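Dropping upload.txt in here (compact mmCIF, C-alpha atoms):
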# COMPACT_ATOMS: atom_id res chain seq x y z
CA MET A 1 254.01 5.18 68.71
CA LYS A 2 253.92 1.86 70.43
CA LYS A 3 250.16 1.70 70.18
CA LYS A 4 250.36 2.44 66.50
CA LEU A 5 252.86 -0.33 65.96
CA LYS A 6 250.71 -2.74 67.85
CA ASP A 7 247.74 -1.77 65.75
CA PHE A 8 249.84 -2.24 62.62
CA LYS A 9 250.86 -5.68 63.73
CA GLU A 10 247.26 -6.64 64.27
CA ARG A 11 246.20 -5.40 60.87
CA LEU A 12 249.11 -7.18 59.21
CA GLU A 13 248.22 -10.44 60.92
CA ASN A 14 244.63 -10.04 59.80
CA ILE A 15 245.57 -9.50 56.18
CA LYS A 16 248.09 -12.32 56.27
CA TYR A 17 245.52 -14.68 57.66
CA ARG A 18 242.95 -13.78 55.04
CA THR A 19 245.27 -13.94 52.04
CA SER A 20 246.99 -17.12 53.11
CA LYS A 21 243.67 -18.84 53.48
CA LYS A 22 242.56 -17.79 50.01
CA ASN A 23 245.81 -18.58 48.23
CA ASN A 24 246.35 -21.93 49.86
CA LYS A 25 243.04 -23.29 48.76
CA LYS A 26 243.62 -22.32 45.15
CA LYS A 27 247.26 -23.24 44.88
CA ASN A 28 247.31 -26.63 46.50
CA LYS A 29 244.20 -28.12 44.96
CA ASN A 30 245.72 -29.78 41.90
CA PHE A 31 248.80 -30.80 43.79
CA LYS A 32 246.76 -32.60 46.40
CA ASP A 33 244.60 -34.38 43.85
CA PHE A 34 247.67 -35.73 42.11
CA GLY A 35 248.98 -37.10 45.39
CA ALA A 36 245.67 -38.80 46.09
CA PHE A 37 245.74 -40.84 42.89
CA LEU A 38 249.24 -42.16 43.43
CA LYS A 39 248.29 -43.94 46.59
CA LEU A 40 245.15 -45.81 45.59
CA GLY A 41 246.72 -49.09 44.46
CA ILE A 42 248.82 -49.45 47.54
CA GLU A 43 245.84 -48.71 49.80
CA LEU A 44 244.10 -51.78 48.38
CA ILE A 45 247.09 -54.12 48.55
CA SER A 46 248.28 -53.23 52.05
CA ALA A 47 244.96 -54.09 53.70
CA ILE A 48 244.92 -57.47 51.91
CA ILE A 49 248.46 -58.17 53.13
CA ILE A 50 247.47 -57.38 56.72
CA GLY A 51 244.41 -59.64 56.40
CA LEU A 52 246.63 -62.43 55.05
CA VAL A 53 249.15 -62.06 57.88
CA ILE A 54 246.49 -62.05 60.61
CA GLY A 55 244.77 -65.08 59.03
CA LEU A 56 248.00 -67.09 58.76
CA PHE A 57 248.98 -66.17 62.32
CA LEU A 58 245.63 -67.22 63.81
CA ASP A 59 245.61 -70.46 61.81
CA ASN A 60 249.07 -71.23 63.07
CA TYR A 61 248.01 -70.51 66.63
CA PHE A 62 244.76 -72.48 66.68
CA GLN A 63 245.91 -75.21 64.23
CA SER A 64 242.82 -74.63 62.10
CA LYS A 65 244.42 -74.38 58.71
CA PRO A 66 242.27 -72.59 56.16
CA ILE A 67 239.39 -71.15 58.21
CA PHE A 68 240.88 -67.94 59.62
CA LEU A 69 242.90 -67.36 56.46
CA ILE A 70 239.71 -67.35 54.38
CA ILE A 71 237.83 -65.13 56.84
CA PHE A 72 240.57 -62.54 57.20
CA LEU A 73 241.44 -62.50 53.52
CA VAL A 74 237.83 -61.56 52.77
CA LEU A 75 237.89 -58.96 55.55
CA GLY A 76 241.19 -57.68 54.14
CA PHE A 77 239.60 -57.25 50.71
CA ALA A 78 236.69 -55.41 52.29
CA SER A 79 238.91 -53.03 54.22
CA GLY A 80 241.12 -52.53 51.17
CA ILE A 81 238.10 -51.45 49.16
CA MET A 82 237.11 -49.21 52.04
CA ASN A 83 240.58 -47.65 52.14
CA VAL A 84 240.31 -46.81 48.45
CA PHE A 85 236.77 -45.53 48.88
CA ARG A 86 237.87 -43.30 51.73
CA SER A 87 240.83 -41.81 49.97
CA VAL A 88 238.76 -41.11 46.87
CA LYS A 89 235.89 -39.51 48.75
CA ARG A 90 238.25 -37.90 51.28
CA LEU A 91 236.05 -39.01 54.11
CA GLY A 92 237.19 -39.07 57.66
CA PHE A 93 236.95 -42.29 59.55
CA GLU A 94 233.29 -42.96 58.92
CA VAL A 95 232.25 -45.39 56.23
CA GLY A 96 230.09 -43.85 53.56
CA PHE A 97 228.71 -41.22 55.90
CA LYS A 98 229.47 -37.59 55.33
CA LYS A 99 230.03 -35.36 58.31
CA LYS A 100 227.03 -33.21 59.14
CA ASN A 101 228.56 -29.88 58.18
CA GLY A 102 229.80 -31.41 54.94
CA LYS A 103 233.40 -30.63 55.85
CA PHE A 104 236.02 -33.28 55.24
CA PHE A 105 239.61 -33.20 56.25
CA LYS A 106 241.74 -31.91 53.40
CA MET B 1 273.32 -52.29 29.10
CA ALA B 2 274.06 -51.04 32.59
CA ASP B 3 272.34 -52.90 35.40
CA PRO B 4 269.40 -50.76 36.59
CA ILE B 5 269.34 -52.35 40.07
CA HIS B 6 273.04 -51.79 40.70
CA GLN B 7 272.39 -48.25 41.98
CA PHE B 8 270.47 -49.56 45.01
CA GLU B 9 273.32 -51.72 46.26
CA ILE B 10 274.40 -51.15 49.86
CA LYS B 11 278.14 -50.78 50.29
CA GLU B 12 279.87 -50.93 53.64
CA LEU B 13 282.12 -47.92 53.91
CA ILE B 14 283.32 -48.42 57.49
CA PRO B 15 282.75 -52.01 58.65
CA LEU B 16 281.62 -52.14 62.27
CA GLU B 17 280.27 -54.90 64.46
CA LEU B 18 278.61 -54.70 67.85
CA PHE B 19 277.35 -57.75 69.77
CA GLU B 20 277.58 -59.85 66.60
CA THR B 21 275.30 -57.40 64.77
CA ASN B 22 276.44 -55.65 61.66
CA ILE B 23 276.19 -51.91 62.29
CA SER B 24 278.55 -50.81 59.52
CA PHE B 25 278.52 -47.26 58.26
CA THR B 26 277.12 -47.81 54.77
CA ASN B 27 276.52 -45.54 51.81
CA SER B 28 272.91 -45.40 52.98
CA SER B 29 273.98 -44.04 56.37
CA LEU B 30 276.34 -41.63 54.64
CA PHE B 31 273.52 -40.10 52.62
CA MET B 32 271.19 -39.98 55.62
CA SER B 33 273.87 -38.00 57.44
CA LEU B 34 274.39 -35.82 54.37
CA ALA B 35 270.66 -35.11 54.17
CA ILE B 36 270.54 -34.04 57.81
CA ILE B 37 273.72 -31.97 57.51
CA SER B 38 272.41 -30.18 54.43
CA VAL B 39 269.08 -29.38 56.12
CA ILE B 40 270.87 -27.98 59.16
CA LEU B 41 273.30 -26.00 57.02
CA LEU B 42 270.51 -24.55 54.89
CA LEU B 43 268.54 -23.47 57.94
CA LEU B 44 271.57 -22.11 59.81
CA VAL B 45 272.95 -20.16 56.87
CA SER B 46 269.58 -18.76 55.88
CA ILE B 47 268.82 -17.28 59.31
CA LYS B 48 272.30 -15.86 59.82
CA ASN B 49 271.57 -12.35 58.50
CA GLN B 50 267.93 -11.98 59.41
CA SER B 51 266.08 -8.95 58.11
CA LEU B 52 262.49 -7.82 57.87
CA ILE B 53 262.76 -7.98 54.09
CA PRO B 54 264.04 -11.49 53.58
CA SER B 55 266.89 -12.36 51.27
CA ARG B 56 266.42 -15.24 48.82
CA LEU B 57 267.92 -17.77 51.18
CA GLN B 58 265.89 -16.51 54.10
CA SER B 59 262.74 -16.76 51.99
CA ILE B 60 263.46 -20.42 51.36
CA SER B 61 263.52 -21.26 55.04
CA GLU B 62 260.51 -19.04 55.71
CA ILE B 63 258.50 -20.77 52.99
CA PHE B 64 259.67 -24.09 54.34
CA TYR B 65 258.48 -23.15 57.83
CA GLU B 66 255.16 -21.71 56.69
CA PHE B 67 254.44 -24.69 54.47
CA ILE B 68 254.64 -27.06 57.42
CA ALA B 69 252.89 -24.65 59.80
CA ASN B 70 249.97 -24.29 57.36
CA MET B 71 249.84 -28.02 56.83
CA ILE B 72 249.51 -28.53 60.57
CA SER B 73 246.87 -25.87 61.13
CA ASP B 74 244.86 -27.09 58.12
CA ASN B 75 244.93 -30.74 59.15
CA ILE B 76 245.20 -30.81 62.92
CA GLY B 77 244.41 -27.32 64.21
CA GLU B 78 245.77 -25.43 67.20
CA LYS B 79 246.65 -28.49 69.24
CA GLY B 80 248.88 -29.81 66.52
CA HIS B 81 251.56 -27.14 66.79
CA LYS B 82 253.16 -29.08 69.62
CA PHE B 83 254.19 -31.60 67.01
CA PHE B 84 255.73 -29.08 64.64
CA PRO B 85 259.32 -30.32 65.24
CA LEU B 86 258.30 -33.90 64.45
CA ILE B 87 256.51 -33.04 61.22
CA PHE B 88 259.16 -30.60 60.10
CA THR B 89 262.01 -33.04 60.71
CA LEU B 90 260.17 -35.80 58.93
CA PHE B 91 259.42 -33.67 55.90
CA ALA B 92 262.94 -32.23 55.68
CA PHE B 93 264.58 -35.64 56.06
CA ILE B 94 262.49 -37.33 53.38
CA LEU B 95 262.55 -34.38 51.01
CA PHE B 96 266.32 -33.98 51.17
CA GLY B 97 266.82 -37.73 50.90
CA ASN B 98 264.73 -37.80 47.74
CA LEU B 99 266.32 -34.72 46.25
CA LEU B 100 269.90 -35.76 47.05
CA GLY B 101 269.15 -39.01 45.26
CA MET B 102 268.39 -37.02 42.09
CA LEU B 103 272.02 -35.88 41.79
CA PRO B 104 274.34 -38.11 39.73
CA TYR B 105 276.55 -40.59 41.65
CA THR B 106 274.41 -40.35 44.78
CA PHE B 107 272.40 -42.93 46.65
CA THR B 108 268.68 -42.63 47.45
CA PHE B 109 268.10 -44.02 50.90
CA THR B 110 264.31 -43.72 50.59
CA SER B 111 264.44 -46.36 47.83
CA HIS B 112 264.96 -49.06 50.45
CA ILE B 113 261.82 -50.43 52.06
CA ILE B 114 263.46 -50.99 55.43
CA VAL B 115 264.20 -47.26 55.77
CA THR B 116 260.69 -46.14 54.91
CA PHE B 117 259.12 -48.97 56.89
CA VAL B 118 260.99 -48.05 60.06
CA LEU B 119 259.89 -44.43 59.63
CA ALA B 120 256.29 -45.54 59.11
CA ILE B 121 256.18 -48.04 61.97
CA PHE B 122 257.57 -45.46 64.38
CA ILE B 123 254.93 -42.94 63.33
CA PHE B 124 252.26 -45.62 63.64
CA LEU B 125 253.37 -46.62 67.15
CA PHE B 126 253.77 -43.00 68.22
CA VAL B 127 250.31 -42.03 66.98
CA THR B 128 248.66 -45.06 68.59
CA LEU B 129 250.38 -44.54 71.93
CA LEU B 130 249.60 -40.83 71.80
CA GLY B 131 245.94 -41.56 71.17
CA ILE B 132 245.77 -44.01 74.06
CA PHE B 133 247.68 -41.58 76.28
CA ILE B 134 245.32 -38.68 75.53
CA HIS B 135 241.96 -40.43 75.34
CA GLY B 136 242.57 -43.62 77.28
CA PHE B 137 240.12 -46.38 76.47
CA LYS B 138 237.98 -44.03 74.39
CA PHE B 139 240.63 -44.12 71.68
CA PHE B 140 239.41 -47.56 70.62
CA GLY B 141 236.12 -45.92 69.69
CA LEU B 142 238.01 -45.13 66.50
CA PHE B 143 237.28 -48.66 65.39
CA VAL B 144 233.53 -48.23 65.80
CA PRO B 145 232.34 -46.16 62.85
CA LYS B 146 229.54 -43.70 63.51
CA GLY B 147 226.14 -44.30 61.99
CA VAL B 148 226.58 -48.05 61.55
CA PRO B 149 223.74 -50.28 62.83
CA MET B 150 224.56 -52.51 65.82
CA LEU B 151 223.99 -55.63 63.73
CA MET B 152 226.82 -54.70 61.40
CA LEU B 153 229.37 -54.02 64.15
CA PRO B 154 230.89 -57.52 64.37
CA LEU B 155 231.69 -57.20 60.69
CA MET B 156 232.74 -53.56 60.67
CA VAL B 157 235.11 -53.56 63.65
CA PRO B 158 237.53 -56.19 62.22
CA ILE B 159 237.46 -54.35 58.90
CA GLU B 160 238.30 -51.09 60.64
CA ILE B 161 241.11 -52.73 62.61
CA ILE B 162 242.63 -54.23 59.47
CA SER B 163 242.31 -50.87 57.77
CA TYR B 164 244.07 -49.24 60.72
CA LEU B 165 246.86 -51.82 60.78
CA SER B 166 247.44 -51.46 57.06
CA ARG B 167 248.53 -47.84 57.48
CA PRO B 168 252.27 -48.36 58.09
CA ILE B 169 252.44 -50.70 55.10
CA SER B 170 250.70 -48.36 52.70
CA LEU B 171 252.68 -45.41 54.06
CA SER B 172 256.07 -47.06 53.61
CA VAL B 173 255.43 -48.96 50.38
CA ARG B 174 254.14 -45.82 48.67
CA LEU B 175 257.33 -43.86 49.26
CA PHE B 176 259.67 -46.78 48.61
CA ALA B 177 257.92 -47.97 45.44
CA ASN B 178 257.76 -44.50 43.92
CA MET B 179 261.42 -43.78 44.53
CA MET B 180 262.66 -47.17 43.40
CA ALA B 181 260.48 -47.39 40.31
CA GLY B 182 261.42 -43.88 39.26
CA HIS B 183 265.15 -44.43 39.61
CA THR B 184 265.04 -47.79 37.84
CA MET B 185 263.07 -46.27 34.97
CA LEU B 186 265.55 -43.40 34.66
CA LYS B 187 268.44 -45.84 34.50
CA ILE B 188 266.77 -48.01 31.86
CA PHE B 189 265.97 -45.09 29.60
CA ALA B 190 269.44 -43.65 30.08
CA GLY B 191 270.90 -47.05 29.14
CA PHE B 192 269.10 -46.90 25.77
CA VAL B 193 270.78 -43.63 24.88
CA PHE B 194 274.14 -45.26 24.16
CA SER B 195 272.96 -48.58 22.79
CA LEU B 196 270.73 -46.98 20.12
CA GLY B 197 273.49 -44.82 18.61
CA ILE B 198 272.11 -41.92 16.59
CA PHE B 199 268.53 -42.83 17.50
CA GLY B 200 269.50 -42.41 21.13
CA VAL B 201 268.17 -38.87 20.93
CA ALA B 202 264.64 -40.13 21.54
CA PRO B 203 265.38 -41.85 24.88
CA LEU B 204 267.56 -38.87 25.81
CA ILE B 205 264.53 -36.58 25.51
CA VAL B 206 262.49 -39.04 27.56
CA THR B 207 265.23 -39.10 30.21
CA VAL B 208 265.22 -35.33 30.48
CA ALA B 209 261.43 -35.30 30.86
CA LEU B 210 261.58 -38.15 33.37
CA THR B 211 264.15 -36.29 35.45
CA ALA B 212 261.74 -33.39 35.79
CA LEU B 213 258.97 -35.80 36.73
CA GLU B 214 261.20 -37.46 39.29
CA VAL B 215 261.92 -34.12 40.97
CA LEU B 216 258.17 -33.54 41.17
CA ILE B 217 257.68 -37.01 42.64
CA ALA B 218 260.47 -36.40 45.16
CA PHE B 219 258.53 -33.38 46.45
CA LEU B 220 255.17 -35.05 46.19
CA GLN B 221 256.09 -38.19 48.07
CA ALA B 222 257.68 -36.25 50.91
CA TYR B 223 254.50 -34.14 50.99
CA VAL B 224 252.17 -37.15 50.95
CA PHE B 225 254.16 -38.88 53.69
CA THR B 226 253.97 -35.88 55.98
CA ILE B 227 250.35 -35.00 55.25
CA LEU B 228 249.29 -38.55 56.06
CA THR B 229 251.25 -38.30 59.30
CA CYS B 230 249.29 -35.11 60.00
CA ILE B 231 245.99 -36.86 59.28
CA TYR B 232 246.87 -39.76 61.56
CA LEU B 233 247.95 -37.34 64.29
CA ASN B 234 244.68 -35.48 63.85
CA GLU B 235 242.70 -38.65 64.45
CA ALA B 236 244.77 -39.45 67.54
CA ILE B 237 244.43 -35.95 68.99
CA ASN B 238 240.88 -34.96 68.06
CA LEU B 239 239.38 -38.43 67.54
CA HIS B 240 236.55 -37.52 65.14
Same coordinates, now as structure tokens:
Amino acid sequence: MKKKLKDFKERLENIKYRTSKKNNKKKNKNFKDFGAFLKLGIELISAIIIGLVIGLFLDNYFQSKPIFLIIFLVLGFASGIMNVFRSVKRLGFEVGFKKKNGKFFK
Amino acid sequence: MADPIHQFEIKELIPLELFETNISFTNSSLFMSLAIISVILLLLVSIKNQSLIPSRLQSISEIFYEFIANMISDNIGEKGHKFFPLIFTLFAFILFGNLLGMLPYTFTFTSHIIVTFVLAIFIFLFVTLLGIFIHGFKFFGLFVPKGVPMLMLPLMVPIEIISYLSRPISLSVRLFANMMAGHTMLKIFAGFVFSLGIFGVAPLIVTVALTALEVLIAFLQAYVFTILTCIYLNEAINLH
């Protein structure tokens, strides 16, 4: 009896695992895409803000008024664009390089 | 027309002061407490009469649990289940805060940037410290993208660092802006209903549709906030 129950549990787990994997992929796809679009604008802006803050801080520290501000604003733009690019392509941390097995994080 | 910003006003319910700092119990704190109490109540009541065939209430908490558990195993993997309590609490807190705000006469605490920013900055610090704790100095390899030529590194590393630092801002502003914009829009359209008289039917229909959209956004933003936390945790735990 106990062995049978154990076997049953195993089979149930197996089926659960298989079905949950299938259903999840189908169900959540549209939902996830919608979430991805809502965040694009903010991804761009937030990196620019960080670039601005770092630039102003360094200029204040080294008394070198516009130099660091200009440099870090440009870098902020670049990383903002990269943020957007990443969230659109759903890449990991690498820039413009797909992982070898073609699997991205979801 | 009614003031659409008025709903976000903080009111001191119980004025308190400690070391010349205002720590009053405000309507924001009241609804944070209410959100936590309602999560605890829901979970406690739903597991009271457990059975193999779940009742409706039990199904809710089971779905709730499985949703988070699946999110963690999809995004982080086996190692991530240590952080289940963190993710679950975060999701429940934000979701109930958003949903409580959808009821009339309530206050949405997620519509204040300081609330979402504190949540985001704590996650950011936690993830960074966790990464350094697990991987030590190797964690900073996160800022060196793979497959980039050596010549490009002086340019790429600052860009990566800025991109990394921008996370708490994008995380908090996204939630705050969505909640605040949605509630302001609802109020404006609802204000038209009375001022337009018989033609107020049109904005009334829009308000009904917007309410449905806002409920969707309440879910979606809580989901996005937690899934991004999962992704950040994944990077800290597994690097890449």
Atom CA of A:Met82 sits from atom CA of B:Ile132 at a separation of 24.2 Å
task = Can you check which residues of chain B have any atom within 9 Å of chain A? Use only C-alpha atoms and format it as an MDAnalysis selection string.
result = chainID B and resid 70 74:75 142:148 155:156 158:171 173:174 178 220:221 223:224 231 235 240
For the selection just defined, write its residues with C-alpha atoms to a file, as a compact mmCIF listing (two decimals), keeping the file's coordinate frame.
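This is the output file result-v7.txt:
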# COMPACT_ATOMS: atom_id res chain seq x y z
CA ASN B 70 249.97 -24.29 57.36
CA ASP B 74 244.86 -27.09 58.12
CA ASN B 75 244.93 -30.74 59.15
CA LEU B 142 238.01 -45.13 66.50
CA PHE B 143 237.28 -48.66 65.39
CA VAL B 144 233.53 -48.23 65.80
CA PRO B 145 232.34 -46.16 62.85
CA LYS B 146 229.54 -43.70 63.51
CA GLY B 147 226.14 -44.30 61.99
CA VAL B 148 226.58 -48.05 61.55
CA LEU B 155 231.69 -57.20 60.69
CA MET B 156 232.74 -53.56 60.67
CA PRO B 158 237.53 -56.19 62.22
CA ILE B 159 237.46 -54.35 58.90
CA GLU B 160 238.30 -51.09 60.64
CA ILE B 161 241.11 -52.73 62.61
CA ILE B 162 242.63 -54.23 59.47
CA SER B 163 242.31 -50.87 57.77
CA TYR B 164 244.07 -49.24 60.72
CA LEU B 165 246.86 -51.82 60.78
CA SER B 166 247.44 -51.46 57.06
CA ARG B 167 248.53 -47.84 57.48
CA PRO B 168 252.27 -48.36 58.09
CA ILE B 169 252.44 -50.70 55.10
CA SER B 170 250.70 -48.36 52.70
CA LEU B 171 252.68 -45.41 54.06
CA VAL B 173 255.43 -48.96 50.38
CA ARG B 174 254.14 -45.82 48.67
CA ASN B 178 257.76 -44.50 43.92
CA LEU B 220 255.17 -35.05 46.19
CA GLN B 221 256.09 -38.19 48.07
CA TYR B 223 254.50 -34.14 50.99
CA VAL B 224 252.17 -37.15 50.95
CA ILE B 231 245.99 -36.86 59.28
CA GLU B 235 242.70 -38.65 64.45
CA HIS B 240 236.55 -37.52 65.14
Practice item. Work out how far apart atom CA of B:Ser172 and atom CA of B:Ile113 are and give it in Å to one decimal. Key: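 According to the coordinates, atom CA of B:Ser172 and atom CA of B:Ile113 are separated by 6.8 Å.
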Students should find that atom CA of B:Ala218 and atom CA of B:Phe96 are spaced 8.7 Å
Which protein, DNA or RNA residues are at most 9 Å from (272.6, -33.6, 49.5) in the file's coordinates when you count only C-alpha atoms, listed as a ChimeraX atom specification? /B:31-32,34-39,96-97,99-101,103,106
Which residues are close to B:Ile14, i.e. within 12 Å by all atoms listed in the file, leaving aside same-chain residues fewer than 3 positions away? Reply as a VMD selection string. chain B and resid 11 17 22 to 30
Any chance you could export stretch 173-190 of chain B with C-alpha atoms, as a PDB file, in the first residue's frame?
ATOM      1  CA  VAL B 173       9.371  55.299 -11.072  1.00  0.00           C
ATOM      2  CA  ARG B 174       7.581  52.652 -13.130  1.00  0.00           C
ATOM      3  CA  LEU B 175       5.327  51.570 -10.284  1.00  0.00           C
ATOM      4  CA  PHE B 176       4.768  55.070  -8.917  1.00  0.00           C
ATOM      5  CA  ALA B 177       4.057  56.684 -12.301  1.00  0.00           C
ATOM      6  CA  ASN B 178       1.620  53.992 -13.366  1.00  0.00           C
ATOM      7  CA  MET B 179      -0.363  54.150 -10.148  1.00  0.00           C
ATOM      8  CA  MET B 180      -0.428  57.931  -9.937  1.00  0.00           C
ATOM      9  CA  ALA B 181      -1.244  58.526 -13.593  1.00  0.00           C
ATOM     10  CA  GLY B 182      -4.011  55.940 -13.504  1.00  0.00           C
ATOM     11  CA  HIS B 183      -5.674  57.359 -10.423  1.00  0.00           C
ATOM     12  CA  THR B 184      -5.421  60.942 -11.667  1.00  0.00           C
ATOM     13  CA  MET B 185      -6.941  59.943 -14.996  1.00  0.00           C
ATOM     14  CA  LEU B 186      -9.801  58.137 -13.256  1.00  0.00           C
ATOM     15  CA  LYS B 187     -10.542  61.200 -11.154  1.00  0.00           C
ATOM     16  CA  ILE B 188     -10.504  63.551 -14.146  1.00  0.00           C
ATOM     17  CA  PHE B 189     -12.866  61.417 -16.179  1.00  0.00           C
ATOM     18  CA  ALA B 190     -15.133  60.914 -13.185  1.00  0.00           C
TER      19      ALA B 190
END
